[in-house]
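S.K.: Pasting a structure below so you can have a look.
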Amino acid sequence: MDEGSNITRRRALLAGGGTLLFGGGVAYAASRSGSNEQAYVPSNFHTSEETTGFGVELAGRPIVGEPDAPVDVYYWTDYLCPFCKEFERETLPDIGTDYVETGDVRVVFLSYPNIGEYSLPAAVWSRCVWDQVAETQPAAYWHWHESAFDAQSESGHDWADEETFAGITEETENVERSAVDDCRENRGDAVQESIDVDLQTGRSAGLQGTPGFVLYNREADVAGKMVGAHPYENFANAIDQIRDA
Amino acid sequence: MNGRADTDGRADPEGRTDPEGRAGADGRAGADGRRWLRAVGDAVAYPLTSNGRLLVAGVATAATYAVLVLSSFPQFSLQLLTNDPTDLPYALVTLTREAYLTTGWLGLALLTAYALLTGVAVTNAVTLVRRARRRSASTLVGVVPGLLAAGCASCGAGVLGALDFVGAMAALPFDGNLLRVGGILLLLFFLGRTGDPRTCAIQ
């Protein structure tokens, strides 16, 4: 072994530069914000009381797209999940434009509270908002949902509390706070039970975190699972495969 | 070799083993602390002593960071990389952003420090094991606790995710930052204990 090796200026500079580059790269990746944000509001929403062939209960769950779309995308989410926000900003608008609006896909929003203490209450807020606007002003749910993700702070979960969600509910047009509060107070337990059903269905599908997805061809009874905020191309390929199965 | 022969506080540099009074004990503790800090400095500088060692440290740092970040959401990482291994940069960038949004700048700084220290510890451990194998089995046994400490520290932050305890890090105090601080302290303990791995040390 070369026990007599010395610390040379060149190596010291190389190590210092490498360390700075490494730290700078990490900081750059961390501070990168979604530049592909685009406004997308679905043109079709619907409700259903069915349980799908995959075993997902649709009653009370927000559904985007045409009722007869050949592919179901079950999307398990958590309002405290930064990765879900990434998906909602970067990928969901493209899926909406290229697959939901064309009638190929409908997206079912399911709850998977797993990140923080307020994950479950946030999911209850969401269900109660949908319950209030589903028949008359379903787009209001979309705006509420977007505002809830926009409220995520840069770090930590302290932002998620009663006050924040109450504020979002009051500020969202066509959402009536008193009706939502009534739902939370009088039907909160039933809503929580249905959220628990979502959670169990997600776990049965093998999902261990959010965002989680199952793509399901209803006619062919073929399903595929995706976990995390994959790039759009991966979603597009997976949807194409399931649709053509 | 520089003849430094005290890493566990059993004798001071002057060879006194019977301290005289409280002031002497305090002074010796201070000297021990300074010696430990110097040893950490020697250990951290060791990868700079050859191009090969610097390369090992760099590769180990990058690999540790990748493993730690990817293991924060193993199901996603596995699915993405088995589908297309060239998506590794996407996975690293996305999960780095995720780590920042979950644990803040402090968590990310700890993660980076963790990877850098592991890079140094791996380089020094390789030297220690090589030396120990050339000397005797008993020396190798003396090195093992330090290697275990470094190994545990390296896997500590990632192992919970790798075992699929989803949300485990988030559920830990300070979103797992306490565990990361513990791992870094363990690594510093290992580095301070060994110092420059080319020098003599009584284990």
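In the structure tokens, chains take the letters A, B, ... in the order shown, each chain's residues start at 1, and ligands count up from 1 in the order shown.
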Please report as a list of chain:residue names which residues of chain B come no farther than 7 Å from chain A, using only C-alpha atoms.

M.R.: B:Leu48, B:Thr49, B:Ser50, B:Gln75, B:Phe76, B:Val93, B:Thr96, B:Arg97, B:Glu98, B:Tyr100, B:Leu101, B:Thr102, B:Thr103, B:Gly104, B:Thr112, B:Val166, B:Gly167, B:Arg198

S.K.: Emit the selected residues as a PDB file, in the first residue's frame, including N, CA and C atoms.

M.R.:
ATOM      1  N   LEU B  48      -8.142  11.839   0.410  1.00  0.00           N
ATOM      2  CA  LEU B  48      -7.402  12.769  -0.459  1.00  0.00           C
ATOM      3  C   LEU B  48      -5.978  12.295  -0.710  1.00  0.00           C
ATOM      4  N   THR B  49      -5.577  11.187  -0.073  1.00  0.00           N
ATOM      5  CA  THR B  49      -4.168  10.788  -0.158  1.00  0.00           C
ATOM      6  C   THR B  49      -3.827   9.988  -1.414  1.00  0.00           C
ATOM      7  N   SER B  50      -4.798   9.598  -2.191  1.00  0.00           N
ATOM      8  CA  SER B  50      -4.476   8.996  -3.503  1.00  0.00           C
ATOM      9  C   SER B  50      -5.675   9.148  -4.434  1.00  0.00           C
ATOM     10  N   GLN B  75     -41.091   1.005  -3.769  1.00  0.00           N
ATOM     11  CA  GLN B  75     -42.022   0.447  -4.755  1.00  0.00           C
ATOM     12  C   GLN B  75     -41.958   1.250  -6.067  1.00  0.00           C
ATOM     13  N   PHE B  76     -41.931   2.558  -5.929  1.00  0.00           N
ATOM     14  CA  PHE B  76     -41.834   3.448  -7.094  1.00  0.00           C
ATOM     15  C   PHE B  76     -40.488   3.252  -7.795  1.00  0.00           C
ATOM     16  N   VAL B  93     -33.915  12.752  -9.149  1.00  0.00           N
ATOM     17  CA  VAL B  93     -34.348  14.153  -9.074  1.00  0.00           C
ATOM     18  C   VAL B  93     -35.725  14.246  -8.406  1.00  0.00           C
ATOM     19  N   THR B  96     -35.470  13.349  -4.727  1.00  0.00           N
ATOM     20  CA  THR B  96     -34.750  14.388  -3.982  1.00  0.00           C
ATOM     21  C   THR B  96     -35.718  15.526  -3.657  1.00  0.00           C
ATOM     22  N   ARG B  97     -36.515  15.888  -4.662  1.00  0.00           N
ATOM     23  CA  ARG B  97     -37.533  16.933  -4.455  1.00  0.00           C
ATOM     24  C   ARG B  97     -38.518  16.479  -3.365  1.00  0.00           C
ATOM     25  N   GLU B  98     -38.906  15.203  -3.440  1.00  0.00           N
ATOM     26  CA  GLU B  98     -39.835  14.624  -2.460  1.00  0.00           C
ATOM     27  C   GLU B  98     -39.225  14.673  -1.051  1.00  0.00           C
ATOM     28  N   TYR B 100     -36.988  16.731   0.034  1.00  0.00           N
ATOM     29  CA  TYR B 100     -36.969  18.124   0.491  1.00  0.00           C
ATOM     30  C   TYR B 100     -38.357  18.558   0.965  1.00  0.00           C
ATOM     31  N   LEU B 101     -39.375  18.200   0.187  1.00  0.00           N
ATOM     32  CA  LEU B 101     -40.737  18.616   0.565  1.00  0.00           C
ATOM     33  C   LEU B 101     -41.199  17.920   1.841  1.00  0.00           C
ATOM     34  N   THR B 102     -40.668  16.733   2.115  1.00  0.00           N
ATOM     35  CA  THR B 102     -41.079  16.004   3.311  1.00  0.00           C
ATOM     36  C   THR B 102     -40.276  16.422   4.539  1.00  0.00           C
ATOM     37  N   THR B 103     -38.973  16.595   4.373  1.00  0.00           N
ATOM     38  CA  THR B 103     -38.130  16.834   5.555  1.00  0.00           C
ATOM     39  C   THR B 103     -37.456  18.203   5.573  1.00  0.00           C
ATOM     40  N   GLY B 104     -37.616  18.983   4.504  1.00  0.00           N
ATOM     41  CA  GLY B 104     -37.053  20.331   4.482  1.00  0.00           C
ATOM     42  C   GLY B 104     -35.562  20.329   4.172  1.00  0.00           C
ATOM     43  N   THR B 112     -27.323  14.474   2.668  1.00  0.00           N
ATOM     44  CA  THR B 112     -26.104  14.716   1.895  1.00  0.00           C
ATOM     45  C   THR B 112     -24.866  14.466   2.749  1.00  0.00           C
ATOM     46  N   VAL B 166     -43.940   1.787   4.946  1.00  0.00           N
ATOM     47  CA  VAL B 166     -44.290   3.057   4.309  1.00  0.00           C
ATOM     48  C   VAL B 166     -44.678   4.082   5.367  1.00  0.00           C
ATOM     49  N   GLY B 167     -44.139   5.265   5.224  1.00  0.00           N
ATOM     50  CA  GLY B 167     -44.458   6.319   6.176  1.00  0.00           C
ATOM     51  C   GLY B 167     -43.685   6.196   7.473  1.00  0.00           C
ATOM     52  N   ARG B 198      -4.051   4.586   8.253  1.00  0.00           N
ATOM     53  CA  ARG B 198      -2.690   4.085   8.063  1.00  0.00           C
ATOM     54  C   ARG B 198      -1.896   4.126   9.346  1.00  0.00           C
TER      55      ARG B 198
END

S.K.: Do you have, as a tab-separated table, the list of residues of segment 80-192 of chain A lying at most 12 Å from segment 48-58 of chain A, each with its nearest atom pair and that distance in Å to one decimal, counting only C-alpha atoms and ordered by chain then number?

M.R.:
residue	atom	partner	partner_atom	distance
A:Arg106	CA	A:Leu58	CA	11.9
A:Val107	CA	A:Leu58	CA	11.0
A:Val108	CA	A:Leu58	CA	7.7
A:Phe109	CA	A:Leu58	CA	9.2
A:Leu110	CA	A:Leu58	CA	8.9
A:Ser111	CA	A:Val56	CA	11.7
A:Arg127	CA	A:Leu58	CA	11.9
A:Ala134	CA	A:Ser48	CA	10.6
A:Glu135	CA	A:Ser48	CA	11.1

S.K.: Write the residues of the selection above to a file with N, CA and C atoms, as a short mmCIF file (atom, residue, chain, number, x, y, z; two decimals), in the first residue's frame.

M.R.:
data_model
loop_
_atom_site.label_atom_id
_atom_site.label_comp_id
_atom_site.auth_asym_id
_atom_site.auth_seq_id
_atom_site.Cartn_x
_atom_site.Cartn_y
_atom_site.Cartn_z
N ARG A 106 -61.62 7.01 -17.59
CA ARG A 106 -62.23 7.80 -16.52
C ARG A 106 -61.36 7.61 -15.28
N VAL A 107 -61.22 8.67 -14.50
CA VAL A 107 -60.37 8.62 -13.31
C VAL A 107 -61.25 8.65 -12.07
N VAL A 108 -61.04 7.67 -11.19
CA VAL A 108 -61.79 7.61 -9.94
C VAL A 108 -60.85 8.01 -8.80
N PHE A 109 -61.26 9.03 -8.05
CA PHE A 109 -60.42 9.54 -6.97
C PHE A 109 -60.72 8.79 -5.67
N LEU A 110 -59.70 8.11 -5.16
CA LEU A 110 -59.84 7.31 -3.94
C LEU A 110 -58.87 7.82 -2.88
N SER A 111 -59.21 7.56 -1.63
CA SER A 111 -58.37 8.09 -0.54
C SER A 111 -57.43 7.02 0.00
N ARG A 127 -64.43 14.28 0.55
CA ARG A 127 -65.64 13.51 0.24
C ARG A 127 -66.90 14.35 0.47
N ALA A 134 -71.52 17.27 -6.31
CA ALA A 134 -71.45 16.26 -7.39
C ALA A 134 -72.56 16.39 -8.42
N GLU A 135 -73.79 16.62 -7.97
CA GLU A 135 -74.92 16.62 -8.90
C GLU A 135 -75.10 17.96 -9.62
#

S.K.: If we count only C-alpha atoms and set the cut-off at 10 Å, which residues sit around segment 138-146 of chain A, ignoring sequence neighbours fewer than 3 positions away in its own chain? Please answer as an MDAnalysis selection string.

M.R.: chainID A and resid 40:47 62:64 79 85 88:89 125:135 149:151 165 168:175

S.K.: Include C-alpha atoms and write out the residues we just selected as a compact mmCIF listing (two decimals), in the first residue's frame.

M.R.:
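Result file is again19.txt:
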# COMPACT_ATOMS: atom_id res chain seq x y z
CA TYR A 40 -56.98 21.65 -16.87
CA VAL A 41 -60.58 21.32 -15.83
CA PRO A 42 -62.35 18.14 -16.95
CA SER A 43 -65.47 18.63 -19.00
CA ASN A 44 -67.19 15.51 -17.63
CA PHE A 45 -67.82 14.31 -14.10
CA HIS A 46 -70.22 11.64 -12.94
CA THR A 47 -71.34 9.63 -9.96
CA PRO A 62 -65.42 11.66 -7.37
CA ILE A 63 -65.24 10.34 -10.94
CA VAL A 64 -63.88 12.29 -13.91
CA TYR A 79 -53.70 15.74 0.30
CA LYS A 85 -49.06 17.14 -5.90
CA GLU A 88 -51.45 16.44 -10.20
CA ARG A 89 -49.38 19.30 -11.59
CA TRP A 125 -63.36 17.21 3.79
CA SER A 126 -62.86 16.10 0.20
CA ARG A 127 -65.64 13.51 0.24
CA CYS A 128 -68.05 15.94 1.85
CA VAL A 129 -67.27 18.64 -0.70
CA TRP A 130 -67.90 16.16 -3.53
CA ASP A 131 -71.10 15.03 -1.83
CA GLN A 132 -72.35 18.61 -1.85
CA VAL A 133 -71.46 19.57 -5.43
CA ALA A 134 -71.45 16.26 -7.39
CA GLU A 135 -74.92 16.62 -8.90
CA PHE A 149 -52.94 20.64 -3.18
CA ASP A 150 -51.85 24.22 -3.82
CA ALA A 151 -52.03 24.81 -0.06
CA PHE A 165 -59.35 23.37 4.86
CA ILE A 168 -60.26 26.58 1.10
CA THR A 169 -63.88 25.46 1.38
CA GLU A 170 -65.13 28.99 2.01
CA GLU A 171 -63.11 30.46 -0.82
CA THR A 172 -64.08 27.89 -3.46
CA GLU A 173 -66.91 29.12 -5.60
CA ASN A 174 -70.13 27.05 -5.53
CA VAL A 175 -69.05 25.10 -2.43

S.K.: What's the 10 Å shell around Pro197 of chain B, counting only C-alpha atoms, without same-chain residues fewer than 6 positions away, as a list in words?

M.R.: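 My reading of the contact set: Met1, Ala39, Asp42, Ala43, Tyr46, Thr123, Asn124, Ala125, Val126, Thr127, Leu128, Val129, Arg131 and Leu191 of chain B.
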
S.K.: The selected residues should be written to file as a CSV table (one decimal), in the first residue's frame (atoms: C-alpha atoms).

M.R.:
chain,number,residue,atom,x,y,z
B,1,MET,CA,3.1,5.6,10.9
B,39,ALA,CA,-8.7,12.0,14.4
B,42,ASP,CA,-7.4,12.9,9.7
B,43,ALA,CA,-10.0,10.3,8.8
B,46,TYR,CA,-7.6,10.3,4.2
B,123,THR,CA,-12.7,4.3,1.9
B,124,ASN,CA,-11.2,4.1,5.3
B,125,ALA,CA,-12.8,0.8,6.1
B,126,VAL,CA,-11.3,-0.8,2.9
B,127,THR,CA,-7.9,0.3,4.1
B,128,LEU,CA,-8.5,-1.0,7.6
B,129,VAL,CA,-9.7,-4.4,6.4
B,131,ARG,CA,-4.3,-3.8,6.8
B,191,LEU,CA,-14.1,7.9,11.9

S.K.: I want to know what sits within 12 Å of Asp189 of chain A, based on only C-alpha atoms, with residues of the same chain fewer than 4 positions away left out; could you give that as a PyMOL selection string?

M.R.: chain A and resi 120-121+124+127-128+183-185+193-196

S.K.: Select from segment 6-142 of chain A everything DSSP, run on the backbone, classes as helix (DSSP H, G or I), then give the selection as JSON, numbers by chain.

M.R.: {"A": [9, 10, 11, 12, 13, 14, 15, 16, 17, 18, 19, 20, 21, 22, 23, 24, 25, 26, 27, 28, 29, 30, 31, 82, 83, 84, 85, 86, 87, 88, 89, 90, 92, 93, 94, 95, 96, 97, 98, 99, 100, 119, 120, 121, 122, 123, 124, 125, 126, 127, 128, 129, 130, 131, 132, 133, 138, 139, 140, 141, 142]}

S.K.: Excluding Gly224 of chain A and residues on its chain fewer than 6 positions from it, collect all residues at most 8 Å away from it, counting only C-alpha atoms, and give them as a PyMOL selection string.

M.R.: chain A and resi 214-216+238+242
